[in-house]
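Report on the structure given below.
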There are 2 protein chains.
Amino acid sequence: MTDTGRRRLGRPPLVENRRQSILDSAARQFAEVGFEKTSLRELAAAMGVSKATVYHYFQTKQEIYDAIIVDALRGLAVSVEAALDGVTGAEARLRVFMTAQGDFFERHYWFFVTMLIGLGGMHSADMRAEALLWRRRHEGTLRAIIRDGVAAGELRPVDPAVTGRAVLSMLNWMVRWYRPGGPQTAAAIAADYHDLLVRGLRPAAEPS
Amino acid sequence: MTDTGRRRLGRPPLVENRRQSILDSAARQFAEVGFEKTSLRELAAAMGVSKATVYHYFQTKQEIYDAIIVDALRGLAVSVEAALDGVTGAEARLRVFMTAQGDFFERHYWFFVTMLIGLGGMHSADMRAEALLWRRRHEGTLRAIIRDGVAAGELRPVDPAVTGRAVLSMLNWMVRWYRPGGPQTAAAIAADYHDLLVRGLRPAAEPS
């Protein structure tokens, strides 16, 4: 996750690193092998640490899973908001929202995959509430960009809910086909989608 | 699945009905409970038939799974093509493509959910090849609509691959949030996406 986002939430960086590497390793394992098929013992072995080390941070596999989902959603919301800082104009802000999410997805690929597979399967009600809070905040950022753009006459009077969902569908579906390290970055693909969505499919009207 | 599509492929309707009800029931079970957690015995019990009846059609749980995925992709491709029959103009054809997929998704919800979860997990190489063939055909239908529309000057010169992917992302992601029986049909949501995509986000130019 973005260090900025985490530190703001008051965890000391040293402890953070070890905890973070457990989550990184577990996210990949869950996404590739599946949650059911992964044991805490195997997670520890894959990281080259003892089970006791893992237990120092997390009591159960489910706790790790929940932490990955909360961290992914918080990291996404916080890093997109940071990217938007100081950017003005609805088109530009929408572009930054989309490319920053593409970028976050690429940098935290396994977190993102696990998160999109797993929100329904969270165990702790508190963690689930926190996850939903971050998700709502992220969606709220997007809808506000659209709503403000419509209000300012910079965008056509579209429905912020429908439009926001269309944007997130295009970005989230990347988890199903995009693999990091391909010919195009996830941010570049997000920029293509932005261009498509902003300009639409109709040919430009003839200048008269 | 659409009977039209199935019969064309030469299976007699009577056998088809029993086979179909096994697939319908299994699709729901796989999507709700998970493939790993479902046994052939439980599938038979849920349908109120003997295990022997199920075995008459399918030797393994994996065979059922593979058949669901092939049937879903074939049914989708065939029913969208049938809906497009006689429709002219790129905007109208794209609209029908999108709403027909929404409609198919709603009518065959559990098939669709299982299919979108499971293409990677297919067992039989032949069935996988057939599934990919139908998927490619469906994507090809969509890209041809866009390519022809661009060639005819009815659409802006967009990239058919990027645009096709954007369309399918919006439609496919519905599997993650849409539940049949809500306030809006899946086809109505698809029509909203179509409007958004065709008209774009920029306000109409001032008439001069």
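In the structure tokens, the first chain shown is A, the next is B, and so on; residue numbers restart at 1 for each chain, and ligands run from 1 in the order shown.
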Within 7 Å of chain A, which residues belong to chain B? Use only C-alpha atoms and report them as a PDB file with N, CA, C and O atoms, in the first residue's frame.
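Done, and the output landed in result_14.pdb:
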```
ATOM      1  N   GLU B 154     -20.247   6.516 -39.437  1.00  0.00           N
ATOM      2  CA  GLU B 154     -21.316   6.649 -38.434  1.00  0.00           C
ATOM      3  C   GLU B 154     -20.738   6.782 -37.027  1.00  0.00           C
ATOM      4  O   GLU B 154     -21.403   7.271 -36.122  1.00  0.00           O
ATOM      5  N   LEU B 155     -19.519   6.291 -36.849  1.00  0.00           N
ATOM      6  CA  LEU B 155     -18.833   6.421 -35.551  1.00  0.00           C
ATOM      7  C   LEU B 155     -17.512   7.158 -35.774  1.00  0.00           C
ATOM      8  O   LEU B 155     -16.930   7.115 -36.861  1.00  0.00           O
ATOM      9  N   ARG B 156     -17.075   7.801 -34.715  1.00  0.00           N
ATOM     10  CA  ARG B 156     -15.761   8.415 -34.686  1.00  0.00           C
ATOM     11  C   ARG B 156     -14.714   7.311 -34.921  1.00  0.00           C
ATOM     12  O   ARG B 156     -14.956   6.156 -34.581  1.00  0.00           O
ATOM     13  N   ALA B 166     -14.147  -1.984 -23.642  1.00  0.00           N
ATOM     14  CA  ALA B 166     -14.872  -1.080 -22.732  1.00  0.00           C
ATOM     15  C   ALA B 166     -16.332  -1.519 -22.610  1.00  0.00           C
ATOM     16  O   ALA B 166     -16.885  -1.596 -21.507  1.00  0.00           O
ATOM     17  N   SER B 169     -16.554  -4.781 -20.672  1.00  0.00           N
ATOM     18  CA  SER B 169     -16.221  -4.566 -19.257  1.00  0.00           C
ATOM     19  C   SER B 169     -17.438  -4.056 -18.497  1.00  0.00           C
ATOM     20  O   SER B 169     -17.757  -4.531 -17.406  1.00  0.00           O
ATOM     21  N   MET B 170     -18.110  -3.062 -19.082  1.00  0.00           N
ATOM     22  CA  MET B 170     -19.287  -2.509 -18.416  1.00  0.00           C
ATOM     23  C   MET B 170     -20.359  -3.573 -18.238  1.00  0.00           C
ATOM     24  O   MET B 170     -20.967  -3.694 -17.171  1.00  0.00           O
ATOM     25  N   TRP B 173     -19.116  -6.574 -15.831  1.00  0.00           N
ATOM     26  CA  TRP B 173     -18.964  -6.224 -14.413  1.00  0.00           C
ATOM     27  C   TRP B 173     -20.308  -6.266 -13.680  1.00  0.00           C
ATOM     28  O   TRP B 173     -20.351  -6.368 -12.453  1.00  0.00           O
ATOM     29  N   TYR B 193     -25.786   2.563 -20.404  1.00  0.00           N
ATOM     30  CA  TYR B 193     -24.354   2.551 -20.753  1.00  0.00           C
ATOM     31  C   TYR B 193     -24.164   2.903 -22.231  1.00  0.00           C
ATOM     32  O   TYR B 193     -23.217   3.594 -22.595  1.00  0.00           O
ATOM     33  N   LEU B 197     -21.939   5.960 -23.677  1.00  0.00           N
ATOM     34  CA  LEU B 197     -20.801   5.685 -24.542  1.00  0.00           C
ATOM     35  C   LEU B 197     -20.957   6.361 -25.899  1.00  0.00           C
ATOM     36  O   LEU B 197     -19.998   6.881 -26.462  1.00  0.00           O
ATOM     37  N   VAL B 198     -22.168   6.349 -26.426  1.00  0.00           N
ATOM     38  CA  VAL B 198     -22.392   6.933 -27.742  1.00  0.00           C
ATOM     39  C   VAL B 198     -22.262   8.455 -27.679  1.00  0.00           C
ATOM     40  O   VAL B 198     -21.591   9.071 -28.497  1.00  0.00           O
ATOM     41  N   ARG B 199     -22.873   9.062 -26.688  1.00  0.00           N
ATOM     42  CA  ARG B 199     -22.903  10.521 -26.627  1.00  0.00           C
ATOM     43  C   ARG B 199     -21.689  11.122 -25.924  1.00  0.00           C
ATOM     44  O   ARG B 199     -21.404  12.317 -26.107  1.00  0.00           O
ATOM     45  N   GLY B 200     -21.008  10.338 -25.109  1.00  0.00           N
ATOM     46  CA  GLY B 200     -19.823  10.858 -24.426  1.00  0.00           C
ATOM     47  C   GLY B 200     -20.181  11.795 -23.296  1.00  0.00           C
ATOM     48  O   GLY B 200     -21.360  11.964 -22.953  1.00  0.00           O
ATOM     49  N   LEU B 201     -19.172  12.421 -22.715  1.00  0.00           N
ATOM     50  CA  LEU B 201     -19.385  13.270 -21.538  1.00  0.00           C
ATOM     51  C   LEU B 201     -19.345  14.760 -21.854  1.00  0.00           C
ATOM     52  O   LEU B 201     -19.788  15.579 -21.064  1.00  0.00           O
ATOM     53  N   ARG B 202     -18.820  15.105 -23.019  1.00  0.00           N
ATOM     54  CA  ARG B 202     -18.720  16.542 -23.332  1.00  0.00           C
ATOM     55  C   ARG B 202     -20.090  17.122 -23.641  1.00  0.00           C
ATOM     56  O   ARG B 202     -20.907  16.471 -24.292  1.00  0.00           O
ATOM     57  N   PRO B 203     -20.326  18.339 -23.196  1.00  0.00           N
ATOM     58  CA  PRO B 203     -21.596  18.976 -23.542  1.00  0.00           C
ATOM     59  C   PRO B 203     -21.664  19.162 -25.057  1.00  0.00           C
ATOM     60  O   PRO B 203     -20.625  19.293 -25.713  1.00  0.00           O
TER      61      PRO B 203
END
```
- Query: After a least-squares superposition of chain B on chain A over all Cα atoms matched in order, what is the RMSD to one decimal?
  - Reply: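 Computed on C-alpha atoms only, the RMSD stands at 0.1 Å.
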- Counting only C-alpha atoms, what is within 7 Å of range 72-80 of chain A, bar same-chain residues fewer than 6 positions away, as a PyMOL selection string? chain A and resi 1-2+5+97+100-101+104+111-112+115+131+134-135+137-138
- Task: Could you give me the residues within range 78-184 of chain A that DSSP places in alpha helix (DSSP H), as a PyMOL selection string?
- Result: chain A and resi 78-84+90-107+109-118+125-151+160-172
- Task: Find the residues around Glu106 in chain A up to 6 Å (only C-alpha atoms counted), leave out those fewer than 3 positions away in its own chain, and share them as a list of chain:residue names.
- Result: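 Listing them by chain and then by number gives A:Asp103, A:Tyr109, A:Pro180.
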Output all heavy atoms for every residue in that selection, as a PDB file, in the first residue's frame.
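Here's the written file part18.pdb:
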```
ATOM      1  N   ASP A 103      -2.888   2.907 -12.245  1.00  0.00           N
ATOM      2  CA  ASP A 103      -1.528   2.848 -11.699  1.00  0.00           C
ATOM      3  C   ASP A 103      -1.495   2.085 -10.369  1.00  0.00           C
ATOM      4  O   ASP A 103      -0.626   1.244 -10.144  1.00  0.00           O
ATOM      5  CB  ASP A 103      -1.041   4.288 -11.514  1.00  0.00           C
ATOM      6  CG  ASP A 103       0.431   4.340 -11.240  1.00  0.00           C
ATOM      7  OD1 ASP A 103       1.188   3.669 -11.962  1.00  0.00           O
ATOM      8  OD2 ASP A 103       0.825   5.027 -10.277  1.00  0.00           O
ATOM      9  N   TYR A 109      -0.985  -5.166  -7.674  1.00  0.00           N
ATOM     10  CA  TYR A 109      -1.790  -6.107  -8.451  1.00  0.00           C
ATOM     11  C   TYR A 109      -2.453  -7.203  -7.599  1.00  0.00           C
ATOM     12  O   TYR A 109      -3.650  -7.414  -7.657  1.00  0.00           O
ATOM     13  CB  TYR A 109      -0.908  -6.725  -9.540  1.00  0.00           C
ATOM     14  CG  TYR A 109      -1.620  -7.764 -10.359  1.00  0.00           C
ATOM     15  CD1 TYR A 109      -2.580  -7.394 -11.286  1.00  0.00           C
ATOM     16  CD2 TYR A 109      -1.349  -9.125 -10.187  1.00  0.00           C
ATOM     17  CE1 TYR A 109      -3.249  -8.342 -12.033  1.00  0.00           C
ATOM     18  CE2 TYR A 109      -2.017 -10.083 -10.932  1.00  0.00           C
ATOM     19  CZ  TYR A 109      -2.967  -9.687 -11.854  1.00  0.00           C
ATOM     20  OH  TYR A 109      -3.638 -10.628 -12.576  1.00  0.00           O
ATOM     21  N   PRO A 180       0.203  -7.318 -15.247  1.00  0.00           N
ATOM     22  CA  PRO A 180       1.283  -6.319 -15.226  1.00  0.00           C
ATOM     23  C   PRO A 180       2.453  -6.776 -16.101  1.00  0.00           C
ATOM     24  O   PRO A 180       2.701  -7.971 -16.236  1.00  0.00           O
ATOM     25  CB  PRO A 180       1.694  -6.278 -13.752  1.00  0.00           C
ATOM     26  CG  PRO A 180       0.504  -6.756 -12.994  1.00  0.00           C
ATOM     27  CD  PRO A 180      -0.154  -7.765 -13.887  1.00  0.00           C
TER      28      PRO A 180
END
```
- Residues near Ala45 in chain A, cut-off 12 Å, only C-alpha atoms, skip fewer than 4 positions along chain, as a ChimeraX atom specification: /A:22,25-26,29,38-41,49-54
- Message: One decimal, in Å: what's the spacing between CA of Ala46 in chain B and CA of Asp66 in chain B?
- Response: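 Spanning CA of Ala46 in chain B to CA of Asp66 in chain B is a straight-line distance of 19.6 Å.
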